[in-house]
$ cat upload.pdb   # PDB, C-alpha atoms
ATOM      1  CA  LEU T   1     -24.200 -22.823 -16.357
ATOM      2  CA  ALA T   2     -25.500 -19.513 -15.059
ATOM      3  CA  GLY T   3     -24.796 -20.582 -11.493
ATOM      4  CA  ALA T   4     -21.318 -21.732 -12.456
ATOM      5  CA  GLY T   5     -20.644 -18.425 -14.154
ATOM      6  CA  THR T   6     -21.581 -16.595 -10.978
ATOM      7  CA  CYS T   7     -19.234 -18.848  -9.007
ATOM      8  CA  TYR T   8     -16.306 -18.048 -11.294
ATOM      9  CA  GLN T   9     -17.063 -14.343 -11.173
ATOM     10  CA  GLN T  10     -17.070 -14.492  -7.385
ATOM     11  CA  ALA T  11     -13.735 -16.313  -7.379
ATOM     12  CA  LYS T  12     -12.110 -13.762  -9.677
ATOM     13  CA  ARG T  13     -13.518 -10.952  -7.584
ATOM     14  CA  VAL T  14     -12.135 -12.239  -4.262
ATOM     15  CA  LEU T  15      -8.759 -12.877  -5.906
ATOM     16  CA  HIS T  16      -8.554  -9.310  -7.112
ATOM     17  CA  VAL T  17      -5.755  -7.225  -5.612
ATOM     18  CA  ALA T  18      -7.644  -4.970  -3.229
ATOM     19  CA  VAL T  19      -7.537  -3.910   0.403
ATOM     20  CA  PRO T  20      -9.030  -6.833   2.373
ATOM     21  CA  ASP T  21     -10.884  -6.492   5.653
ATOM     22  CA  ARG T  22      -8.008  -8.255   7.399
ATOM     23  CA  LEU T  23      -4.407  -8.737   6.331
ATOM     24  CA  HIS T  24      -3.100 -12.168   7.230
ATOM     25  CA  ALA T  25       0.432 -12.337   8.699
ATOM     26  CA  ARG T  26       0.675  -8.556   8.978
ATOM     27  CA  GLU T  27      -0.592  -8.131  12.532
ATOM     28  CA  ARG T  28       2.733  -6.780  13.833
ATOM     29  CA  GLU T  29       3.102  -4.277  11.010
ATOM     30  CA  THR T  30      -0.498  -3.158  11.426
ATOM     31  CA  SER T  31       0.074  -2.599  15.133
ATOM     32  CA  VAL T  32       3.226  -0.534  14.501
ATOM     33  CA  ILE T  33       1.427   1.749  12.024
ATOM     34  CA  GLN T  34      -1.568   2.149  14.327
ATOM     35  CA  GLN T  35       0.706   3.014  17.226
ATOM     36  CA  PHE T  36       2.587   5.546  15.102
ATOM     37  CA  LEU T  37      -0.610   7.298  14.012
ATOM     38  CA  ARG T  38      -2.079   7.386  17.501
ATOM     39  CA  GLU T  39       1.162   8.548  19.060
ATOM     40  CA  HIS T  40       1.808  11.319  16.554
ATOM     41  CA  VAL T  41      -1.512  12.309  14.985
ATOM     42  CA  CYS T  42      -3.695  11.937  18.052
ATOM     43  CA  GLY T  43      -0.870  13.128  20.297
ATOM     44  CA  HIS T  44       0.011  16.071  18.010
ATOM     45  CA  ARG T  45       3.673  15.095  18.012
ATOM     46  CA  PRO T  46       6.109  15.449  15.096
ATOM     47  CA  GLY T  47       7.415  12.297  13.481
ATOM     48  CA  SER T  48       7.903  10.366  10.270
ATOM     49  CA  LEU T  49       7.661   6.736   9.240
ATOM     50  CA  TYR T  50       9.558   4.930   6.476
ATOM     51  CA  ILE T  51       7.953   1.671   5.321
ATOM     52  CA  SER T  52      10.062  -0.598   3.118
ATOM     53  CA  GLY T  53       9.668  -4.007   1.541
ATOM     54  CA  ALA T  54       9.681  -5.824  -1.782
ATOM     55  CA  PRO T  55       6.673  -5.466  -4.119
ATOM     56  CA  GLY T  56       3.630  -7.439  -3.046
ATOM     57  CA  THR T  57       4.533  -7.680   0.638
ATOM     58  CA  GLY T  58       1.493  -5.701   1.776
ATOM     59  CA  LYS T  59       2.934  -2.241   2.456
ATOM     60  CA  THR T  60       0.283  -0.183   0.703
ATOM     61  CA  ALA T  61      -2.568  -2.540   1.588
ATOM     62  CA  CYS T  62      -1.607  -2.532   5.260
ATOM     63  CA  LEU T  63      -1.343   1.241   5.516
ATOM     64  CA  SER T  64      -4.584   1.690   3.560
ATOM     65  CA  ARG T  65      -6.356  -0.732   5.897
ATOM     66  CA  VAL T  66      -5.100   1.128   8.963
ATOM     67  CA  LEU T  67      -6.174   4.486   7.537
ATOM     68  CA  LEU T  68      -9.661   3.081   6.958
ATOM     69  CA  ASP T  69      -9.865   1.519  10.408
ATOM     70  CA  CYS T  70      -8.593   4.696  12.105
ATOM     71  CA  LYS T  71     -10.786   7.042  10.085
ATOM     72  CA  ASP T  72     -12.620   8.354  13.142
ATOM     73  CA  GLU T  73      -9.386   8.923  15.058
ATOM     74  CA  LEU T  74      -7.904  10.801  12.088
ATOM     75  CA  ALA T  75     -11.000  12.932  11.547
ATOM     76  CA  GLY T  76      -9.312  15.988  13.040
ATOM     77  CA  SER T  77      -6.353  15.804  10.649
ATOM     78  CA  LYS T  78      -5.867  16.178   6.906
ATOM     79  CA  THR T  79      -4.586  13.098   5.057
ATOM     80  CA  VAL T  80      -2.803  13.574   1.730
ATOM     81  CA  VAL T  81      -2.057  10.390  -0.236
ATOM     82  CA  LEU T  82       0.231  10.615  -3.256
ATOM     83  CA  ASN T  83       1.749   7.968  -5.529
ATOM     84  CA  CYS T  84       5.133   9.314  -6.567
ATOM     85  CA  MET T  85       5.157   7.160  -9.718
ATOM     86  CA  ALA T  86       2.636   9.612 -11.170
ATOM     87  CA  LEU T  87       5.026  12.565 -10.868
ATOM     88  CA  SER T  88       7.034  13.746 -13.859
ATOM     89  CA  SER T  89       9.993  14.694 -11.643
ATOM     90  CA  PRO T  90      10.955  14.481  -7.954
ATOM     91  CA  GLN T  91      10.433  18.239  -7.569
ATOM     92  CA  GLY T  92       6.826  17.770  -8.660
ATOM     93  CA  VAL T  93       5.915  16.378  -5.259
ATOM     94  CA  PHE T  94       5.637  19.822  -3.679
ATOM     95  CA  PRO T  95       3.068  21.331  -6.085
ATOM     96  CA  ALA T  96       1.187  18.015  -6.023
ATOM     97  CA  VAL T  97       0.913  18.134  -2.227
ATOM     98  CA  ALA T  98       0.039  21.829  -2.343
ATOM     99  CA  GLN T  99      -2.756  21.124  -4.814
ATOM    100  CA  GLN T 100      -4.299  18.517  -2.513
ATOM    101  CA  LEU T 101      -4.163  21.058   0.295
ATOM    102  CA  GLY T 102      -6.063  23.543  -1.845
ATOM    103  CA  LEU T 103      -3.182  25.962  -2.379
ATOM    104  CA  PRO T 104      -2.833  28.005  -5.588
ATOM    105  CA  ALA T 105      -0.426  26.615  -8.154
ATOM    106  CA  ALA T 106       3.170  27.809  -7.910
ATOM    107  CA  ALA T 107       6.429  26.300  -9.091
ATOM    108  CA  GLY T 108       9.935  26.193  -7.681
ATOM    109  CA  ARG T 109      10.870  27.857  -4.425
ATOM    110  CA  GLU T 110       7.662  29.859  -4.331
ATOM    111  CA  GLY T 111       5.594  26.678  -4.331
ATOM    112  CA  LEU T 112       7.654  25.217  -1.505
ATOM    113  CA  ARG T 113       7.428  28.482   0.440
ATOM    114  CA  ARG T 114       3.631  28.463   0.180
ATOM    115  CA  LEU T 115       3.506  24.842   1.248
ATOM    116  CA  GLU T 116       5.684  25.494   4.294
ATOM    117  CA  LYS T 117       3.567  28.525   5.172
ATOM    118  CA  ARG T 118       0.438  26.362   5.061
ATOM    119  CA  LEU T 119       2.052  23.700   7.225
ATOM    120  CA  THR T 120       3.179  26.233   9.826
ATOM    121  CA  ALA T 121      -0.193  27.962  10.003
ATOM    122  CA  GLN T 122      -2.860  27.139  12.539
ATOM    123  CA  GLY T 123      -4.975  24.260  11.354
ATOM    124  CA  PRO T 124      -5.277  20.489  11.352
ATOM    125  CA  MET T 125      -2.238  18.233  11.339
ATOM    126  CA  VAL T 126      -1.295  17.009   7.860
ATOM    127  CA  LEU T 127      -0.588  13.304   7.419
ATOM    128  CA  LEU T 128       1.419  13.023   4.214
ATOM    129  CA  VAL T 129       1.449   9.498   2.730
ATOM    130  CA  LEU T 130       3.930   9.099  -0.134
ATOM    131  CA  ASP T 131       3.831   5.762  -1.946
ATOM    132  CA  GLU T 132       6.801   4.751  -4.138
ATOM    133  CA  LEU T 133       8.952   7.214  -2.197
ATOM    134  CA  ASP T 134      12.153   6.018  -3.874
ATOM    135  CA  GLN T 135      10.953   7.719  -7.065
ATOM    136  CA  LEU T 136      11.861  11.018  -5.385
ATOM    137  CA  GLU T 137      15.590  10.332  -5.290
ATOM    138  CA  SER T 138      17.484  13.227  -6.872
ATOM    139  CA  LYS T 139      20.921  14.790  -6.968
ATOM    140  CA  GLY T 140      21.914  15.570  -3.413
ATOM    141  CA  GLN T 141      18.582  14.080  -2.267
ATOM    142  CA  ASP T 142      17.290  17.615  -1.667
ATOM    143  CA  VAL T 143      13.676  16.592  -2.263
ATOM    144  CA  LEU T 144      13.708  13.719   0.222
ATOM    145  CA  TYR T 145      15.547  15.723   2.862
ATOM    146  CA  THR T 146      13.078  18.580   2.474
ATOM    147  CA  LEU T 147      10.141  16.209   2.930
ATOM    148  CA  PHE T 148      11.510  14.629   6.084
ATOM    149  CA  ASP T 149      12.494  18.082   7.356
ATOM    150  CA  LEU T 150       8.820  19.052   7.389
ATOM    151  CA  VAL T 151       8.575  17.553  10.877
ATOM    152  CA  LEU T 152      11.087  20.171  12.053
ATOM    153  CA  LEU T 153       9.038  23.177  10.965
ATOM    154  CA  PRO T 154       8.739  25.570  13.929
ATOM    155  CA  SER T 155       5.017  25.420  14.392
ATOM    156  CA  PRO T 156       3.191  23.964  17.355
ATOM    157  CA  PRO T 157       1.752  21.403  17.187
ATOM    158  CA  HIS T 158       4.045  20.400  14.277
ATOM    159  CA  PRO T 159       1.278  19.717  11.748
ATOM    160  CA  ALA T 160       3.305  17.832   9.099
ATOM    161  CA  LEU T 161       3.654  14.065   9.470
ATOM    162  CA  PRO T 162       5.349  12.315   6.500
ATOM    163  CA  ALA T 163       4.858   8.575   5.973
ATOM    164  CA  GLY T 164       6.782   7.122   3.037
ATOM    165  CA  LEU T 165       6.528   3.704   1.375
ATOM    166  CA  ALA T 166       9.252   2.300  -0.871
ATOM    167  CA  ASN T 167      10.714  -0.961  -2.136
ATOM    168  CA  ALA T 168      14.276  -0.088  -1.113
ATOM    169  CA  LEU T 169      15.236  -1.316   2.354
ATOM    170  CA  ASP T 170      18.379   0.821   2.572
ATOM    171  CA  LEU T 171      17.063   4.127   1.227
ATOM    172  CA  THR T 172      17.460   5.961   4.527
ATOM    173  CA  ASP T 173      20.973   4.580   5.085
ATOM    174  CA  ARG T 174      22.136   4.853   1.478
ATOM    175  CA  SER T 175      20.649   8.176   0.427
ATOM    176  CA  LEU T 176      19.534   9.900   3.616
ATOM    177  CA  ALA T 177      22.427   9.272   5.964
ATOM    178  CA  ARG T 178      22.136  12.717   7.552
ATOM    179  CA  LEU T 179      18.736  11.823   8.973
ATOM    180  CA  GLY T 180      20.269   9.286  11.324
ATOM    181  CA  ALA T 181      22.729  11.836  12.693
ATOM    182  CA  ARG T 182      20.089  13.959  14.366
ATOM    183  CA  LEU T 183      17.778  13.234  17.245
ATOM    184  CA  ALA T 184      14.704  14.878  15.741
ATOM    185  CA  GLY T 185      13.455  14.239  12.236
ATOM    186  CA  SER T 186      14.894  10.753  11.860
ATOM    187  CA  PRO T 187      12.110   8.490  10.551
ATOM    188  CA  ARG T 188      10.925   5.381  12.314
ATOM    189  CA  LEU T 189      11.642   2.332  10.135
ATOM    190  CA  LEU T 190       9.247  -0.530   9.395
ATOM    191  CA  HIS T 191      10.249  -3.347   7.038
ATOM    192  CA  PHE T 192       7.848  -5.841   5.445
ATOM    193  CA  LEU T 193       9.332  -9.286   4.837
ATOM    194  CA  PRO T 194       8.296 -11.384   1.806
ATOM    195  CA  TYR T 195       5.398 -13.753   2.446
ATOM    196  CA  THR T 196       6.292 -17.359   3.212
ATOM    197  CA  ARG T 197       4.772 -20.395   1.511
ATOM    198  CA  GLU T 198       2.469 -21.038   4.460
ATOM    199  CA  GLN T 199       1.323 -17.421   4.596
ATOM    200  CA  LEU T 200       0.592 -17.268   0.868
ATOM    201  CA  SER T 201      -1.297 -20.551   1.015
ATOM    202  CA  THR T 202      -3.449 -19.258   3.867
ATOM    203  CA  ILE T 203      -4.142 -15.988   2.035
ATOM    204  CA  LEU T 204      -5.275 -17.833  -1.097
ATOM    205  CA  GLN T 205      -7.440 -20.285   0.832
ATOM    206  CA  GLU T 206      -9.045 -17.492   2.858
ATOM    207  CA  ARG T 207      -9.892 -15.562  -0.297
ATOM    208  CA  LEU T 208     -11.385 -18.535  -2.155
ATOM    209  CA  GLY T 209     -13.136 -19.675   1.014
ATOM    210  CA  GLN T 210     -15.479 -16.721   0.524
ATOM    211  CA  VAL T 211     -16.865 -18.284  -2.671
ATOM    212  CA  ALA T 212     -19.999 -20.362  -2.266
ATOM    213  CA  GLY T 213     -20.422 -23.633  -4.124
ATOM    214  CA  ASP T 214     -18.003 -26.263  -5.367
ATOM    215  CA  THR T 215     -14.246 -25.860  -5.044
ATOM    216  CA  ILE T 216     -12.725 -24.263  -8.139
ATOM    217  CA  LEU T 217      -9.034 -24.596  -7.275
ATOM    218  CA  ASP T 218      -8.183 -27.406  -4.882
ATOM    219  CA  THR T 219      -5.855 -27.103  -1.912
ATOM    220  CA  ALA T 220      -2.981 -28.852  -3.690
ATOM    221  CA  ALA T 221      -3.082 -26.311  -6.525
ATOM    222  CA  LEU T 222      -3.076 -23.395  -4.094
ATOM    223  CA  GLN T 223      -0.163 -24.858  -2.153
ATOM    224  CA  PHE T 224       1.763 -25.408  -5.382
ATOM    225  CA  CYS T 225       1.228 -21.774  -6.363
ATOM    226  CA  ALA T 226       2.252 -20.572  -2.899
ATOM    227  CA  ARG T 227       5.407 -22.694  -2.956
ATOM    228  CA  LYS T 228       6.503 -21.421  -6.372
ATOM    229  CA  VAL T 229       5.821 -17.749  -5.622
ATOM    230  CA  SER T 230       7.437 -17.835  -2.180
ATOM    231  CA  ALA T 231      10.584 -19.385  -3.666
ATOM    232  CA  VAL T 232      10.950 -16.494  -6.112
ATOM    233  CA  SER T 233       9.580 -13.361  -4.462
ATOM    234  CA  GLY T 234       6.989 -13.882  -1.730
ATOM    235  CA  ASP T 235       4.771 -11.491  -3.703
ATOM    236  CA  ALA T 236       1.125 -11.899  -2.675
ATOM    237  CA  ARG T 237      -0.097  -9.903  -5.665
ATOM    238  CA  LYS T 238       1.660 -12.333  -7.988
ATOM    239  CA  ALA T 239       0.080 -15.327  -6.232
ATOM    240  CA  LEU T 240      -3.390 -13.775  -6.452
ATOM    241  CA  ASP T 241      -2.866 -12.966 -10.124
ATOM    242  CA  ILE T 242      -1.762 -16.533 -10.945
ATOM    243  CA  CYS T 243      -4.816 -18.005  -9.225
ATOM    244  CA  ARG T 244      -7.130 -15.535 -10.920
ATOM    245  CA  ARG T 245      -5.746 -16.566 -14.301
ATOM    246  CA  ALA T 246      -6.164 -20.223 -13.332
ATOM    247  CA  VAL T 247      -9.827 -19.585 -12.533
ATOM    248  CA  GLU T 248     -10.260 -17.994 -15.965
ATOM    249  CA  VAL T 249      -8.756 -21.099 -17.603
ATOM    250  CA  VAL T 250     -11.077 -23.413 -15.661
ATOM    251  CA  GLU T 251     -14.056 -21.240 -16.560
ATOM    252  CA  LEU T 252     -13.221 -21.389 -20.272
ATOM    253  CA  GLU T 253     -12.792 -25.167 -20.142
ATOM    254  CA  VAL T 254     -16.142 -25.663 -18.404
ATOM    255  CA  ARG T 255     -17.895 -23.397 -20.885
ATOM    256  CA  SER T 256     -16.311 -25.237 -23.821
ATOM    257  CA  GLN T 257     -17.367 -28.616 -22.455
ATOM    258  CA  THR T 258     -20.908 -27.363 -21.945
ATOM    259  CA  LEU T 259     -21.161 -25.982 -25.483
ATOM    260  CA  LEU T 260     -19.760 -29.180 -27.012
ATOM    261  CA  LYS T 261     -21.962 -31.501 -24.964
ATOM    262  CA  PRO T 262     -24.039 -33.649 -27.383
ATOM    263  CA  LEU T 263     -27.775 -33.206 -27.394
ATOM    264  CA  PRO T 264     -29.920 -36.044 -26.007
ATOM    265  CA  SER T 265     -30.979 -38.610 -28.628
ATOM    266  CA  GLY T 266     -34.117 -37.758 -30.509
ATOM    267  CA  GLU T 267     -33.523 -33.998 -30.476
TER     268      GLU T 267
END
$ encode --input "upload.pdb" --output "structure tokens"
Amino acid sequence: LAGAGTCYQQAKRVLHVAVPDRLHARERETSVIQQFLREHVCGHRPGSLYISGAPGTGKTACLSRVLLDCKDELAGSKTVVLNCMALSSPQGVFPAVAQQLGLPAAAGREGLRRLEKRLTAQGPMVLLVLDELDQLESKGQDVLYTLFDLVLLPSPPHPALPAGLANALDLTDRSLARLGARLAGSPRLLHFLPYTREQLSTILQERLGQVAGDTILDTAALQFCARKVSAVSGDARKALDICRRAVEVVELEVRSQTLLKPLPSGE
């Protein structure tokens, strides 16, 4: 039973939503992000990137994987990662970024002025990664425009490089139409499509293939899960969560059967 318990723990661990060593079916997206970072960070060129896609399509995991893989190349820059869901208001993004850059606390226009002064000073390029970017929508979209305008700050070598992730595909067209009307400052767009049934099935099989011992969830069960999830959302996190719960059910059943197993006669 101890060995079985270890097997189930391994299965639940590999099915956990985390950044894997390799993201299946996201080779193109990975290449685009790598190219963007090398072109702009390593090349000291201004630019911004808007990554969109439904929940569970690998946006955050893909960017996180690239940042890890390119750690040496990004060593000369400063990376600021911020989840906008944690902010109490859209305007809170500026003091939050300033805090990560080690600037003294200041609210309102003064805080933004200090942030812009830091970004226009001599120093390393700042890669600003904003997850859940659509949480920063506000009246007139002043916050979002200000963020994307950071690439236009008059400071060689343009040290601010925003990269935003959001669920909304049409955020730049719907709320930031002015960005497309100018040559500089318009973000590069990268959209993540929902995972297909085949892709989800491969992801699940690759994860569980890391577990030694007997098969816990057979191929038919994994394909059934992949088919159901792909028909609704194509959300890999949902598929992993369903399989993790299934492993927990199997584990409980095995433990119950072991505890209820009758003792050999004579004992």
$ closest_residue --input "upload.pdb" --among "T:Leu37, T:Leu165, T:Gly108, T:His44" --to "Leu130 of chain T" --atoms "all atoms listed in the file"
T:Leu165
$ residues_near_point --input "upload.pdb" --point "(19.8, 3.3, 5.5)" --cutoff "12 Å" --atoms "only C-alpha atoms" --output "ChimeraX atom specification"
/T:50-52,168-181,186-191
$ closest_residue --input "upload.pdb" --among "T:Val19, T:Ile203, T:Val81, T:Val151" --to "Asp235 of chain T" --atoms "all atoms listed in the file"
T:Ile203
$ closest_residue --input "upload.pdb" --among "T:Gln35, T:Thr146, T:Thr219, T:Gln122" --to "Glu206 of chain T" --atoms "only C-alpha atoms"
T:Thr219
$ axis_aligned_box --input "upload.pdb" --around "segment 117-131 of chain T" --padding-each-side "3 Å" --output "AutoDock Vina command-line options"
--center_x -0.7 --center_y 17.1 --center_z 5.3 --size_x 15.2 --size_y 28.8 --size_z 20.5
$ resolve_selection --input "upload.pdb" --expression "the PyMOL selection byres ((chain T and resi 137) around 10)" --output "JSON list (two decimals) with C-alpha atoms, in the frame of the given file"
[["chain", "number", "residue", "atom", "x", "y", "z"],
["T", 89, "SER", "CA", 9.99, 14.69, -11.64],
["T", 90, "PRO", "CA", 10.96, 14.48, -7.95],
["T", 91, "GLN", "CA", 10.43, 18.24, -7.57],
["T", 133, "LEU", "CA", 8.95, 7.21, -2.20],
["T", 134, "ASP", "CA", 12.15, 6.02, -3.87],
["T", 135, "GLN", "CA", 10.95, 7.72, -7.06],
["T", 136, "LEU", "CA", 11.86, 11.02, -5.38],
["T", 138, "SER", "CA", 17.48, 13.23, -6.87],
["T", 139, "LYS", "CA", 20.92, 14.79, -6.97],
["T", 140, "GLY", "CA", 21.91, 15.57, -3.41],
["T", 141, "GLN", "CA", 18.58, 14.08, -2.27],
["T", 142, "ASP", "CA", 17.29, 17.61, -1.67],
["T", 143, "VAL", "CA", 13.68, 16.59, -2.26],
["T", 144, "LEU", "CA", 13.71, 13.72, 0.22],
["T", 145, "TYR", "CA", 15.55, 15.72, 2.86],
["T", 171, "LEU", "CA", 17.06, 4.13, 1.23],
["T", 175, "SER", "CA", 20.65, 8.18, 0.43],
["T", 176, "LEU", "CA", 19.53, 9.90, 3.62]]
$ atom_distance --input "upload.pdb" --atom1 "atom CA of Val14 of chain T" --atom2 "atom CA of Ala54 of chain T"
22.9 Å
$ atom_distance --input "upload.pdb" --atom1 "atom CA of Ala166 of chain T" --atom2 "atom CA of Gln34 of chain T"
18.7 Å
$ closest_residue --input "upload.pdb" --among "T:Pro154, T:Gly234, T:Pro55, T:Pro46" --to "Tyr195 of chain T" --atoms "all atoms listed in the file"
T:Gly234
